[in-house]
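With compact mmCIF, C-alpha atoms inside, this is input37.txt:
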# COMPACT_ATOMS: atom_id res chain seq x y z
CA MET E 1 142.73 41.28 71.31
CA ILE E 2 142.50 41.09 67.53
CA SER E 3 145.45 42.14 65.34
CA CYS E 4 145.70 45.45 63.48
CA ASP E 5 145.28 43.67 60.13
CA SER E 6 142.19 41.90 61.33
CA PHE E 7 140.82 45.16 62.71
CA ARG E 8 141.35 47.02 59.43
CA MET E 9 139.72 44.23 57.45
CA ARG E 10 136.67 43.94 59.69
CA PHE E 11 136.18 47.61 60.55
CA HIS E 12 133.09 49.23 59.05
CA THR E 13 131.06 52.37 59.61
CA GLY E 14 128.79 52.39 62.67
CA THR E 15 130.27 49.25 64.17
CA ASP E 16 129.28 48.11 67.63
CA ASP E 17 131.45 45.00 67.53
CA ALA E 18 133.01 44.63 70.98
CA ALA E 19 136.25 43.16 69.60
CA LEU E 20 136.67 46.03 67.15
CA LEU E 21 135.92 48.63 69.81
CA GLU E 22 138.38 46.95 72.19
CA HIS E 23 141.12 47.17 69.58
CA LEU E 24 140.20 50.74 68.64
CA ARG E 25 140.54 51.78 72.28
CA ALA E 26 143.95 50.22 72.68
CA CYS E 27 145.73 50.86 69.38
CA ASP E 28 146.80 54.40 68.46
CA ARG E 29 147.67 53.57 64.84
CA CYS E 30 144.27 52.04 64.17
CA LEU E 31 142.53 54.97 65.86
CA ASP E 32 143.79 57.30 63.13
CA PHE E 33 142.78 54.82 60.45
CA ALA E 34 139.32 54.32 61.95
CA ALA E 35 138.66 58.03 62.57
CA HIS E 36 139.32 58.76 58.90
CA ALA E 37 137.13 55.86 57.80
CA ASP E 38 134.27 56.56 60.21
CA PRO E 39 134.29 59.95 61.93
CA ASP E 40 131.84 58.75 64.58
CA VAL E 41 134.34 56.46 66.25
CA MET E 42 136.60 59.34 67.25
CA PHE E 43 135.11 59.86 70.70
CA ARG E 44 134.15 56.21 71.07
CA ALA E 45 137.87 55.49 71.15
CA LEU E 46 138.10 57.21 74.54
CA GLY E 47 135.89 54.70 76.27
CA GLY E 48 135.96 51.11 77.26
CA SER E 49 138.95 50.38 79.38
CA GLU E 50 138.68 50.73 83.11
CA ILE E 51 140.84 53.51 84.49
CA VAL E 52 142.91 53.37 87.64
CA PRO E 53 142.50 56.38 89.96
CA PRO E 54 145.58 58.47 90.79
CA GLY E 55 147.64 56.71 93.46
CA GLY E 56 146.38 53.27 92.51
CA VAL E 57 143.44 51.08 93.44
CA ASP E 58 144.88 50.01 96.82
CA ALA E 59 145.34 53.59 98.02
CA PHE E 60 141.88 54.47 96.75
CA VAL E 61 140.22 51.52 98.52
CA ASP E 62 142.15 52.30 101.74
CA GLY E 63 140.90 55.89 101.55
CA VAL E 64 137.30 54.77 101.13
CA MET E 65 137.50 52.23 103.95
CA GLN E 66 139.08 54.77 106.27
CA GLN E 67 136.19 57.15 105.65
CA VAL E 68 133.71 54.32 106.13
CA ARG E 69 135.24 53.56 109.53
CA VAL E 70 135.09 57.26 110.49
CA ARG E 71 131.41 57.39 109.47
CA ASP E 72 130.75 54.21 111.42
CA ALA E 73 132.43 55.63 114.52
CA GLU E 74 130.37 58.82 114.18
CA THR E 75 127.19 56.78 113.87
CA THR E 76 128.11 54.75 116.97
CA VAL E 77 128.78 57.90 118.98
CA ALA E 78 125.50 59.37 117.77
CA ALA E 79 123.71 56.14 118.70
CA GLY E 80 125.32 56.36 122.16
CA HIS E 81 123.83 59.82 122.52
CA VAL E 82 120.40 58.43 121.73
CA VAL E 83 120.74 55.77 124.44
CA ALA E 84 121.89 58.38 126.96
CA TRP E 85 118.73 60.49 126.62
CA PRO E 86 116.56 58.45 129.05
CA ARG E 87 119.40 58.67 131.52
CA ARG E 88 119.52 62.42 131.02
CA PHE E 89 115.78 62.68 131.63
CA ALA E 90 116.14 60.63 134.82
CA MET E 91 118.88 62.99 136.05
CA ALA E 92 116.81 66.05 135.23
CA ALA E 93 113.82 64.57 137.07
CA ALA E 94 116.00 63.81 140.12
CA VAL E 95 117.29 67.39 140.20
CA ALA E 96 113.75 68.75 139.87
CA ILE E 97 112.47 66.52 142.73
CA ALA E 98 115.41 67.55 144.92
CA ALA E 99 114.75 71.24 144.26
CA PHE E 100 111.04 70.85 145.01
CA GLY E 101 111.78 68.96 148.24
CA ALA E 102 114.27 71.59 149.35
CA THR E 103 111.66 74.29 148.78
CA LEU E 104 109.14 72.43 150.96
CA VAL E 105 111.66 71.99 153.78
CA TYR E 106 112.67 75.65 153.59
CA ARG E 107 109.01 76.73 153.78
CA ASN E 108 108.40 74.54 156.86
CA ASP E 109 111.41 76.00 158.69
CA VAL E 110 110.43 79.66 158.35
CA PRO E 111 107.47 80.66 160.63
CA VAL E 112 104.65 82.07 158.65
CA ASN E 113 103.78 85.66 159.62
CA LEU E 114 100.06 85.64 160.23
CA GLU E 115 99.70 89.32 161.18
CA PRO E 116 97.39 91.23 158.87
CA ILE E 117 99.08 93.48 156.50
CA HIS E 118 98.39 97.17 157.17
CA ARG E 119 97.31 98.94 154.12
CA ALA E 120 99.26 102.15 153.62
CA GLU E 121 97.17 105.28 153.68
CA LEU E 122 96.81 106.87 150.38
CA ARG E 123 97.74 110.49 150.42
CA THR E 124 97.30 112.90 147.65
CA LEU E 125 100.47 114.85 147.16
CA THR E 126 99.90 118.29 145.84
CA THR E 127 102.18 121.25 145.47
CA LYS E 128 101.22 124.54 146.92
CA PRO E 129 102.11 127.64 144.97
CA ILE E 130 104.72 129.81 146.63
CA VAL E 131 102.93 132.95 145.51
CA GLU E 132 99.25 132.69 144.84
CA ALA E 133 98.82 136.21 143.49
CA TYR E 134 101.36 138.72 142.34
CA ASP E 135 100.84 142.14 140.98
CA SER E 136 103.64 144.34 139.72
CA GLN E 137 104.19 146.83 136.94
CA ASN E 138 107.89 145.87 136.37
CA ALA E 139 107.61 142.11 136.56
CA THR E 140 108.06 139.79 133.62
CA ILE E 141 105.74 136.83 134.09
CA VAL E 142 106.26 133.75 131.97
CA GLU E 143 103.70 130.99 131.95
CA VAL E 144 104.94 127.60 130.74
CA PRO E 145 102.29 126.08 128.47
CA THR E 146 100.77 122.80 129.65
CA GLU E 147 99.71 119.85 127.51
CA GLU E 148 96.83 118.59 129.67
CA THR E 149 94.24 120.61 131.54
CA ASP E 150 95.08 119.03 134.93
CA ASP E 151 98.84 119.54 134.57
CA VAL E 152 100.60 121.66 137.13
CA LYS E 153 100.84 125.19 135.91
CA ILE E 154 104.35 126.64 136.03
CA VAL E 155 104.68 130.34 136.18
CA MET E 156 108.02 132.16 136.39
CA ILE E 157 108.24 135.70 137.73
CA PHE E 158 111.23 137.92 136.94
CA ASP E 159 111.11 141.08 139.03
CA GLU E 160 113.91 143.05 140.66
CA ASN E 161 111.49 144.17 143.37
CA LEU E 162 110.53 140.63 144.30
CA PRO E 163 110.88 140.09 148.07
CA ALA E 164 114.14 138.32 149.03
CA ASP E 165 112.42 135.62 151.08
CA LEU E 166 110.52 134.24 148.15
CA MET M 1 147.79 15.63 97.39
CA ILE M 2 145.18 17.62 99.23
CA PRO M 3 142.08 18.17 97.14
CA THR M 4 141.17 21.82 96.94
CA THR M 5 137.75 23.18 96.23
CA PRO M 6 137.84 26.06 93.80
CA THR M 7 136.92 29.31 95.49
CA VAL M 8 134.03 30.95 93.76
CA GLU M 9 133.90 34.70 93.96
CA PRO M 10 130.53 35.86 95.28
CA ASP M 11 128.55 37.92 92.78
CA ASP M 12 127.53 41.51 93.52
CA ARG M 13 124.15 40.59 95.03
CA GLN M 14 125.70 38.01 97.35
CA LEU M 15 128.31 40.53 98.43
CA VAL M 16 125.61 43.09 99.19
CA GLU M 17 123.77 40.54 101.34
CA THR M 18 126.98 39.83 103.27
CA ILE M 19 127.61 43.56 103.74
CA ARG M 20 124.08 44.02 105.03
CA GLY M 21 124.93 41.41 107.63
CA GLY M 22 127.61 43.81 108.91
CA ASP M 23 130.68 42.47 107.09
CA THR M 24 132.96 45.43 106.36
CA ASP M 25 135.50 43.21 104.59
CA ALA M 26 132.86 42.29 102.03
CA PHE M 27 132.34 45.98 101.37
CA GLU M 28 136.07 46.38 100.81
CA THR M 29 135.88 43.56 98.25
CA LEU M 30 132.99 45.30 96.51
CA VAL M 31 134.83 48.65 96.44
CA ARG M 32 137.92 46.98 95.01
CA ARG M 33 135.83 45.25 92.36
CA LYS M 34 134.02 48.41 91.25
CA THR M 35 136.72 51.08 91.68
CA SER M 36 138.01 51.16 88.09
CA LYS M 37 134.52 51.14 86.62
CA VAL M 38 133.19 53.89 88.90
CA TYR M 39 136.32 55.98 88.54
CA ALA M 40 136.34 55.64 84.73
CA LEU M 41 132.75 56.85 84.46
CA CYS M 42 133.40 59.75 86.86
CA TYR M 43 136.57 60.70 85.02
CA ARG M 44 134.86 60.72 81.62
CA ILE M 45 131.95 62.78 82.88
CA ILE M 46 134.02 65.21 84.95
CA GLY M 47 137.19 65.30 82.86
CA ASN M 48 139.55 65.89 85.80
CA ALA M 49 141.47 63.13 87.57
CA GLU M 50 141.50 64.54 91.10
CA ASP M 51 137.85 65.64 91.07
CA ALA M 52 136.90 62.26 89.61
CA LYS M 53 138.76 60.51 92.44
CA ASP M 54 136.97 62.58 95.11
CA ILE M 55 133.61 62.00 93.48
CA SER M 56 134.27 58.26 93.20
CA GLN M 57 135.08 58.11 96.92
CA LEU M 58 131.91 60.01 97.66
CA VAL M 59 129.95 57.52 95.56
CA PHE M 60 131.28 54.59 97.60
CA LEU M 61 130.47 56.36 100.87
CA LYS M 62 126.92 56.94 99.65
CA LEU M 63 126.81 53.32 98.59
CA TRP M 64 127.81 52.26 102.12
CA GLU M 65 125.16 54.48 103.69
CA ASN M 66 122.36 53.49 101.30
CA LEU M 67 123.02 49.82 100.77
CA GLU M 68 119.86 48.97 102.71
CA LYS M 69 117.84 50.64 99.95
CA TYR M 70 119.18 48.40 97.18
CA ASP M 71 116.55 46.09 95.77
CA PRO M 72 118.25 42.83 94.67
CA GLN M 73 115.69 42.22 91.93
CA TYR M 74 117.45 44.94 89.89
CA ALA M 75 120.97 44.71 88.48
CA PHE M 76 123.50 46.01 90.98
CA ASP M 77 125.48 47.88 88.30
CA THR M 78 122.38 49.80 87.20
CA TRP M 79 121.84 50.92 90.78
CA LEU M 80 125.53 51.77 91.17
CA TYR M 81 125.56 53.71 87.89
CA ARG M 82 122.52 55.65 89.04
CA MET M 83 124.40 56.67 92.16
CA VAL M 84 127.49 57.64 90.14
CA THR M 85 125.51 59.72 87.65
CA ASN M 86 123.52 61.48 90.39
CA VAL M 87 126.65 62.49 92.30
CA ALA M 88 128.59 63.40 89.14
CA ILE M 89 125.72 65.46 87.67
CA ASP M 90 125.32 67.33 90.97
CA PHE M 91 129.04 68.03 91.01
CA MET M 92 129.00 69.20 87.38
CA ARG M 93 126.05 71.51 87.99
CA ASN M 94 127.80 73.16 90.92
CA LYS M 95 131.05 73.35 88.96
CA GLN M 96 129.32 74.86 85.93
CA SER M 97 127.65 77.54 87.99
CA ARG M 98 131.00 78.35 89.67
CA ASP M 99 132.82 78.43 86.33
CA ASN M 100 130.10 80.54 84.73
CA ALA M 101 130.38 83.05 87.52
CA VAL M 102 134.15 83.30 87.17
CA ASN M 103 134.69 82.84 83.44
CA SER M 104 131.56 84.33 81.93
CA ASN M 105 133.66 86.53 79.66
CA LEU M 106 136.44 84.08 78.93
CA ARG M 107 135.29 82.08 75.95
CA LEU M 108 138.32 81.32 73.88
CA VAL M 109 137.79 80.51 70.26
CA LYS M 110 140.48 78.53 68.48
CA THR M 111 140.31 79.20 64.77
CA ALA M 112 143.96 79.15 63.78
CA ALA M 113 143.95 75.65 62.31
CA ASP M 114 143.17 75.14 58.65
CA PRO M 115 139.93 73.20 58.31
CA GLU M 116 141.19 71.50 55.19
CA GLN M 117 144.41 70.39 56.86
CA SER M 118 144.57 66.63 57.34
CA VAL M 119 145.01 65.64 60.92
CA VAL M 120 146.66 62.69 62.60
CA VAL M 121 144.22 61.53 65.22
CA GLN M 122 145.97 60.89 68.51
CA ARG M 123 144.30 59.63 71.64
CA LYS M 124 145.56 62.37 73.98
CA GLU M 125 144.53 65.06 71.53
CA VAL M 126 141.10 63.49 71.05
CA GLU M 127 140.71 63.49 74.82
CA ASN M 128 141.57 67.20 74.97
CA VAL M 129 139.20 67.96 72.11
CA PHE M 130 136.44 66.02 73.84
CA ASN M 131 136.97 67.84 77.13
CA GLU M 132 136.85 71.19 75.35
CA VAL M 133 133.83 70.64 73.14
CA SER M 134 131.79 68.67 75.67
CA ALA M 135 131.98 71.62 78.05
CA ILE M 136 129.07 73.06 76.07
CA LEU M 137 126.82 70.17 77.13
CA SER M 138 124.60 70.13 80.15
CA PRO M 139 125.72 67.67 82.86
CA LYS M 140 122.89 65.31 81.90
CA GLN M 141 123.67 65.47 78.17
CA LYS M 142 127.33 64.79 78.82
CA THR M 143 126.54 61.91 81.17
CA ILE M 144 124.29 60.32 78.57
CA PHE M 145 126.84 60.83 75.79
CA VAL M 146 129.61 59.29 77.88
CA MET M 147 127.51 56.30 78.92
CA ASN M 148 126.42 55.63 75.35
CA GLN M 149 129.60 56.32 73.40
CA MET M 150 132.29 55.39 75.89
CA GLU M 151 130.67 52.92 78.27
CA ASP M 152 128.77 51.31 75.37
CA LEU M 153 125.49 51.29 77.28
CA PRO M 154 122.40 51.07 75.04
CA SER M 155 119.84 53.86 75.42
CA ALA M 156 117.37 51.49 77.13
CA GLU M 157 119.93 50.76 79.88
CA ILE M 158 120.78 54.45 80.24
CA ALA M 159 117.07 55.19 80.65
CA LYS M 160 116.96 52.66 83.51
CA VAL M 161 120.00 54.22 85.16
CA LEU M 162 118.63 57.75 84.92
CA GLY M 163 115.04 56.79 85.57
CA CYS M 164 113.70 58.39 82.41
CA ARG M 165 112.23 57.33 79.05
CA GLU M 166 114.36 55.88 76.31
CA SER M 167 113.11 58.60 73.95
CA THR M 168 114.41 61.21 76.39
CA VAL M 169 117.83 59.56 76.27
CA ARG M 170 117.79 59.55 72.46
CA ASN M 171 116.78 63.22 72.44
CA HIS M 172 119.63 64.12 74.76
CA LEU M 173 122.04 62.15 72.57
CA PHE M 174 120.85 63.90 69.43
CA ASN M 175 121.14 67.35 71.01
CA ALA M 176 124.53 66.55 72.50
CA ARG M 177 125.90 65.57 69.08
CA LYS M 178 124.51 68.71 67.47
CA LEU M 179 125.99 70.98 70.11
CA MET M 180 129.36 69.25 70.01
CA GLN M 181 129.49 69.40 66.24
CA ALA M 182 128.92 73.18 66.35
CA GLN M 183 131.64 73.53 68.96
CA LEU M 184 134.05 71.44 66.89
CA GLN M 185 133.36 73.64 63.88
CA ARG M 186 134.12 76.76 65.90
CA ARG M 187 137.09 75.62 67.90
CA PHE M 188 138.65 72.62 66.16
CA PRO M 189 137.66 72.89 62.50
CA GLU M 190 140.34 70.37 61.55
CA TYR M 191 138.47 67.76 63.62
CA ALA M 192 134.98 68.86 62.60
CA GLN M 193 135.21 67.02 59.32
CA LEU M 194 136.23 63.89 61.22
CA TRP M 195 133.22 63.85 63.47
CA ARG M 196 129.70 64.58 62.40
CA ALA M 197 126.45 64.95 64.22
CA LYS M 198 124.02 62.20 63.32
Translate this structure into structure tokens?
Amino acid sequence: MISCDSFRMRFHTGTDDAALLEHLRACDRCLDFAAHADPDVMFRALGGSEIVPPGGVDAFVDGVMQQVRVRDAETTVAAGHVVAWPRRFAMAAAVAIAAFGATLVYRNDVPVNLEPIHRAELRTLTTKPIVEAYDSQNATIVEVPTEETDDVKIVMIFDENLPADL
Amino acid sequence: MIPTTPTVEPDDRQLVETIRGGDTDAFETLVRRKTSKVYALCYRIIGNAEDAKDISQLVFLKLWENLEKYDPQYAFDTWLYRMVTNVAIDFMRNKQSRDNAVNSNLRLVKTAADPEQSVVVQRKEVENVFNEVSAILSPKQKTIFVMNQMEDLPSAEIAKVLGCRESTVRNHLFNARKLMQAQLQRRFPEYAQLWRAK
């Protein structure tokens, strides 16, 4: 690296001289001198040198390589899964064939009932009114309104003289 | 005396070829060779040592996973820098949106210093000033500024790294300087006279 004297003699505004920049980035005394001579070098002084990460290069490289190995292991496991798929399909096919075969055997064992199926008679269930006609002066007769025309009509009769057997 | 043949270190492209052949040790050599460079760029863009370390590690993992995509006809460092800037810019964008959400009302303005006061420029202080005033820049502007002013990359090289035109790089540089100058004026007036926007 050049000396401070040499730097101060050679330094000029807007310099891109590598030797001057190297000195500027290493020497605090010359930084002040240069920044007052050429304001633009102020932030340039921060650059240049390579910086060591916290903990040192060895620890950093070890960290990276450890993660690389983890990634590699993950990739290998994932690749193993890919290889296992055909095997999985073969197992699934075997299970399906076994199930199908079992169904056939089960069907052959059970005698098939060949008797014709009797169709159940259809019966129309209707309700018969308890009282078809009722006439009374004291009765209160309530008719529940129906929504459809063919709905069952519900009629309630409140009468003290209503026969007990109804 | 046993004659010894001098061991020649393989260059980056040769190392990449060896790694592609499945040699993990060669990758370790490459990581060791590039650690300081990658970390320095991350640190200058991000401005925080621990975050820069995490991002650098992430860059190397991405490098390991994408090494097949590297085309040896291009410079390895350009490809590596592209990876670093992509990861760092992504990180900065996420960080900025988080910070904006939390600190939207916390914009401190330092105006106590006398602008006429002469200042002794010290490296640590310059670093603090840079971290403060460059916070105004977009991740891309800051990345370009750092690569040009601190990594000494010419705008043509930066354009290759970022995959854009050289004029775009120059525009970003111009805007970055203007924004930083305004921030210096507001927050560090004593330094504003020491650094001007071109």
Quiz prompt | Distance query 9 Å from (132.6, 47.0, 78.1) using all atoms listed in the file, result as JSON, numbers by chain | solution = {"E": [18, 22, 47, 48, 49, 50], "M": [150, 151, 152, 153]}
Write out as a compact mmCIF listing (two decimals) with C-alpha atoms, in the coordinates of the input each polymer residue whose atoms come within 9 Å of Gly47 (chain M), counting only C-alpha atoms; drop sequence neighbours fewer than 5 positions from it.
# COMPACT_ATOMS: atom_id res chain seq x y z
CA CYS M 42 133.40 59.75 86.86
CA ALA M 52 136.90 62.26 89.61
CA GLU M 127 140.71 63.49 74.82
CA ASN M 131 136.97 67.84 77.13
With a cut-off of 12 Å, could you pull out the residues of chain E touching chain M and give me the nearest pair of atoms for each, distance in Å to one decimal, using only C-alpha atoms, ordered by chain and ascending number, as JSON lines?
{"residue": "E:Gly14", "atom": "CA", "partner": "M:Lys198", "partner_atom": "CA", "distance": 10.9}
{"residue": "E:Thr15", "atom": "CA", "partner": "M:Asp152", "partner_atom": "CA", "distance": 11.5}
{"residue": "E:Asp16", "atom": "CA", "partner": "M:Asp152", "partner_atom": "CA", "distance": 8.4}
{"residue": "E:Asp17", "atom": "CA", "partner": "M:Asp152", "partner_atom": "CA", "distance": 10.4}
{"residue": "E:Ala18", "atom": "CA", "partner": "M:Asp152", "partner_atom": "CA", "distance": 9.0}
{"residue": "E:Leu21", "atom": "CA", "partner": "M:Asp152", "partner_atom": "CA", "distance": 9.4}
{"residue": "E:Glu22", "atom": "CA", "partner": "M:Asp152", "partner_atom": "CA", "distance": 11.0}
{"residue": "E:Leu24", "atom": "CA", "partner": "M:Arg123", "partner_atom": "CA", "distance": 10.2}
{"residue": "E:Arg25", "atom": "CA", "partner": "M:Arg123", "partner_atom": "CA", "distance": 8.7}
{"residue": "E:Ala26", "atom": "CA", "partner": "M:Arg123", "partner_atom": "CA", "distance": 9.5}
{"residue": "E:Cys27", "atom": "CA", "partner": "M:Arg123", "partner_atom": "CA", "distance": 9.2}
{"residue": "E:Asp28", "atom": "CA", "partner": "M:Gln122", "partner_atom": "CA", "distance": 6.5}
{"residue": "E:Arg29", "atom": "CA", "partner": "M:Gln122", "partner_atom": "CA", "distance": 8.4}
{"residue": "E:Cys30", "atom": "CA", "partner": "M:Val121", "partner_atom": "CA", "distance": 9.5}
{"residue": "E:Leu31", "atom": "CA", "partner": "M:Val121", "partner_atom": "CA", "distance": 6.8}
{"residue": "E:Asp32", "atom": "CA", "partner": "M:Val121", "partner_atom": "CA", "distance": 4.7}
{"residue": "E:Phe33", "atom": "CA", "partner": "M:Val121", "partner_atom": "CA", "distance": 8.4}
{"residue": "E:Ala34", "atom": "CA", "partner": "M:Val121", "partner_atom": "CA", "distance": 9.3}
{"residue": "E:Ala35", "atom": "CA", "partner": "M:Leu194", "partner_atom": "CA", "distance": 6.5}
{"residue": "E:His36", "atom": "CA", "partner": "M:Leu194", "partner_atom": "CA", "distance": 6.4}
{"residue": "E:Ala37", "atom": "CA", "partner": "M:Leu194", "partner_atom": "CA", "distance": 8.8}
{"residue": "E:Asp38", "atom": "CA", "partner": "M:Leu194", "partner_atom": "CA", "distance": 7.7}
{"residue": "E:Pro39", "atom": "CA", "partner": "M:Trp195", "partner_atom": "CA", "distance": 4.3}
{"residue": "E:Asp40", "atom": "CA", "partner": "M:Trp195", "partner_atom": "CA", "distance": 5.4}
{"residue": "E:Val41", "atom": "CA", "partner": "M:Trp195", "partner_atom": "CA", "distance": 8.0}
{"residue": "E:Met42", "atom": "CA", "partner": "M:Trp195", "partner_atom": "CA", "distance": 6.8}
{"residue": "E:Phe43", "atom": "CA", "partner": "M:Val126", "partner_atom": "CA", "distance": 7.0}
{"residue": "E:Arg44", "atom": "CA", "partner": "M:Gln149", "partner_atom": "CA", "distance": 5.1}
{"residue": "E:Ala45", "atom": "CA", "partner": "M:Met150", "partner_atom": "CA", "distance": 7.3}
{"residue": "E:Leu46", "atom": "CA", "partner": "M:Met150", "partner_atom": "CA", "distance": 6.2}
{"residue": "E:Gly47", "atom": "CA", "partner": "M:Met150", "partner_atom": "CA", "distance": 3.7}
{"residue": "E:Gly48", "atom": "CA", "partner": "M:Glu151", "partner_atom": "CA", "distance": 5.7}
{"residue": "E:Ser49", "atom": "CA", "partner": "M:Ala40", "partner_atom": "CA", "distance": 7.9}
{"residue": "E:Glu50", "atom": "CA", "partner": "M:Ser36", "partner_atom": "CA", "distance": 5.0}
{"residue": "E:Ile51", "atom": "CA", "partner": "M:Ala40", "partner_atom": "CA", "distance": 5.0}
{"residue": "E:Val52", "atom": "CA", "partner": "M:Ser36", "partner_atom": "CA", "distance": 5.4}
{"residue": "E:Pro53", "atom": "CA", "partner": "M:Lys53", "partner_atom": "CA", "distance": 6.1}
{"residue": "E:Pro54", "atom": "CA", "partner": "M:Ala49", "partner_atom": "CA", "distance": 7.0}
{"residue": "E:Gly55", "atom": "CA", "partner": "M:Lys53", "partner_atom": "CA", "distance": 9.7}
{"residue": "E:Gly56", "atom": "CA", "partner": "M:Ser36", "partner_atom": "CA", "distance": 9.7}
{"residue": "E:Val57", "atom": "CA", "partner": "M:Thr35", "partner_atom": "CA", "distance": 6.9}
{"residue": "E:Asp58", "atom": "CA", "partner": "M:Arg32", "partner_atom": "CA", "distance": 7.8}
{"residue": "E:Ala59", "atom": "CA", "partner": "M:Arg32", "partner_atom": "CA", "distance": 10.4}
{"residue": "E:Phe60", "atom": "CA", "partner": "M:Gln57", "partner_atom": "CA", "distance": 7.7}
{"residue": "E:Val61", "atom": "CA", "partner": "M:Arg32", "partner_atom": "CA", "distance": 6.2}
{"residue": "E:Asp62", "atom": "CA", "partner": "M:Glu28", "partner_atom": "CA", "distance": 8.5}
{"residue": "E:Gly63", "atom": "CA", "partner": "M:Gln57", "partner_atom": "CA", "distance": 7.8}
{"residue": "E:Val64", "atom": "CA", "partner": "M:Gln57", "partner_atom": "CA", "distance": 5.8}
{"residue": "E:Met65", "atom": "CA", "partner": "M:Glu28", "partner_atom": "CA", "distance": 6.8}
{"residue": "E:Gln66", "atom": "CA", "partner": "M:Leu61", "partner_atom": "CA", "distance": 10.3}
{"residue": "E:Gln67", "atom": "CA", "partner": "M:Leu61", "partner_atom": "CA", "distance": 7.5}
{"residue": "E:Val68", "atom": "CA", "partner": "M:Leu61", "partner_atom": "CA", "distance": 6.5}
{"residue": "E:Arg69", "atom": "CA", "partner": "M:Thr24", "partner_atom": "CA", "distance": 9.0}
{"residue": "E:Val70", "atom": "CA", "partner": "M:Leu61", "partner_atom": "CA", "distance": 10.7}
{"residue": "E:Arg71", "atom": "CA", "partner": "M:Leu61", "partner_atom": "CA", "distance": 8.7}
{"residue": "E:Asp72", "atom": "CA", "partner": "M:Glu65", "partner_atom": "CA", "distance": 9.5}
{"residue": "E:Thr75", "atom": "CA", "partner": "M:Glu65", "partner_atom": "CA", "distance": 10.6}
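Distance-wise, CA of Pro72 (chain M) and CA of Thr18 (chain M) end up 12.6 Å apart.
Nearest to Ile144 (chain M) of all the residues M:Asp11, M:Asp90, M:Glu132, M:Glu166 is M:Glu166, counting only C-alpha atoms.
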Exercise. List the neighbours of Val144 (chain E) out to 10 Å using all atoms listed in the file; skip same-chain residues closer than 6 positions along the sequence, and give me the result as a PyMOL selection string.
Key: chain E and resi 152-156
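Between CA of Ala75 (chain M) and CA of Val169 (chain M) the interatomic distance comes to 19.5 Å.
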Practice problem: Would you list the residues near (123.8, 59.1, 85.1) (no more than 10 Å away, in the coordinates of the file, using all atoms listed in the file) as a ChimeraX atom specification? | Solution: /M:41-42,45,78,80-89,139-147,158-163
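CA of Ser138 (chain M) is found 8.1 Å from CA of Arg93 (chain M).
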Quiz item: When distances are computed from only C-alpha atoms, which of M:Glu157, M:Glu190, M:Glu125, M:Asp71 shows the smallest separation from Arg13 (chain M)?
Solution: M:Asp71
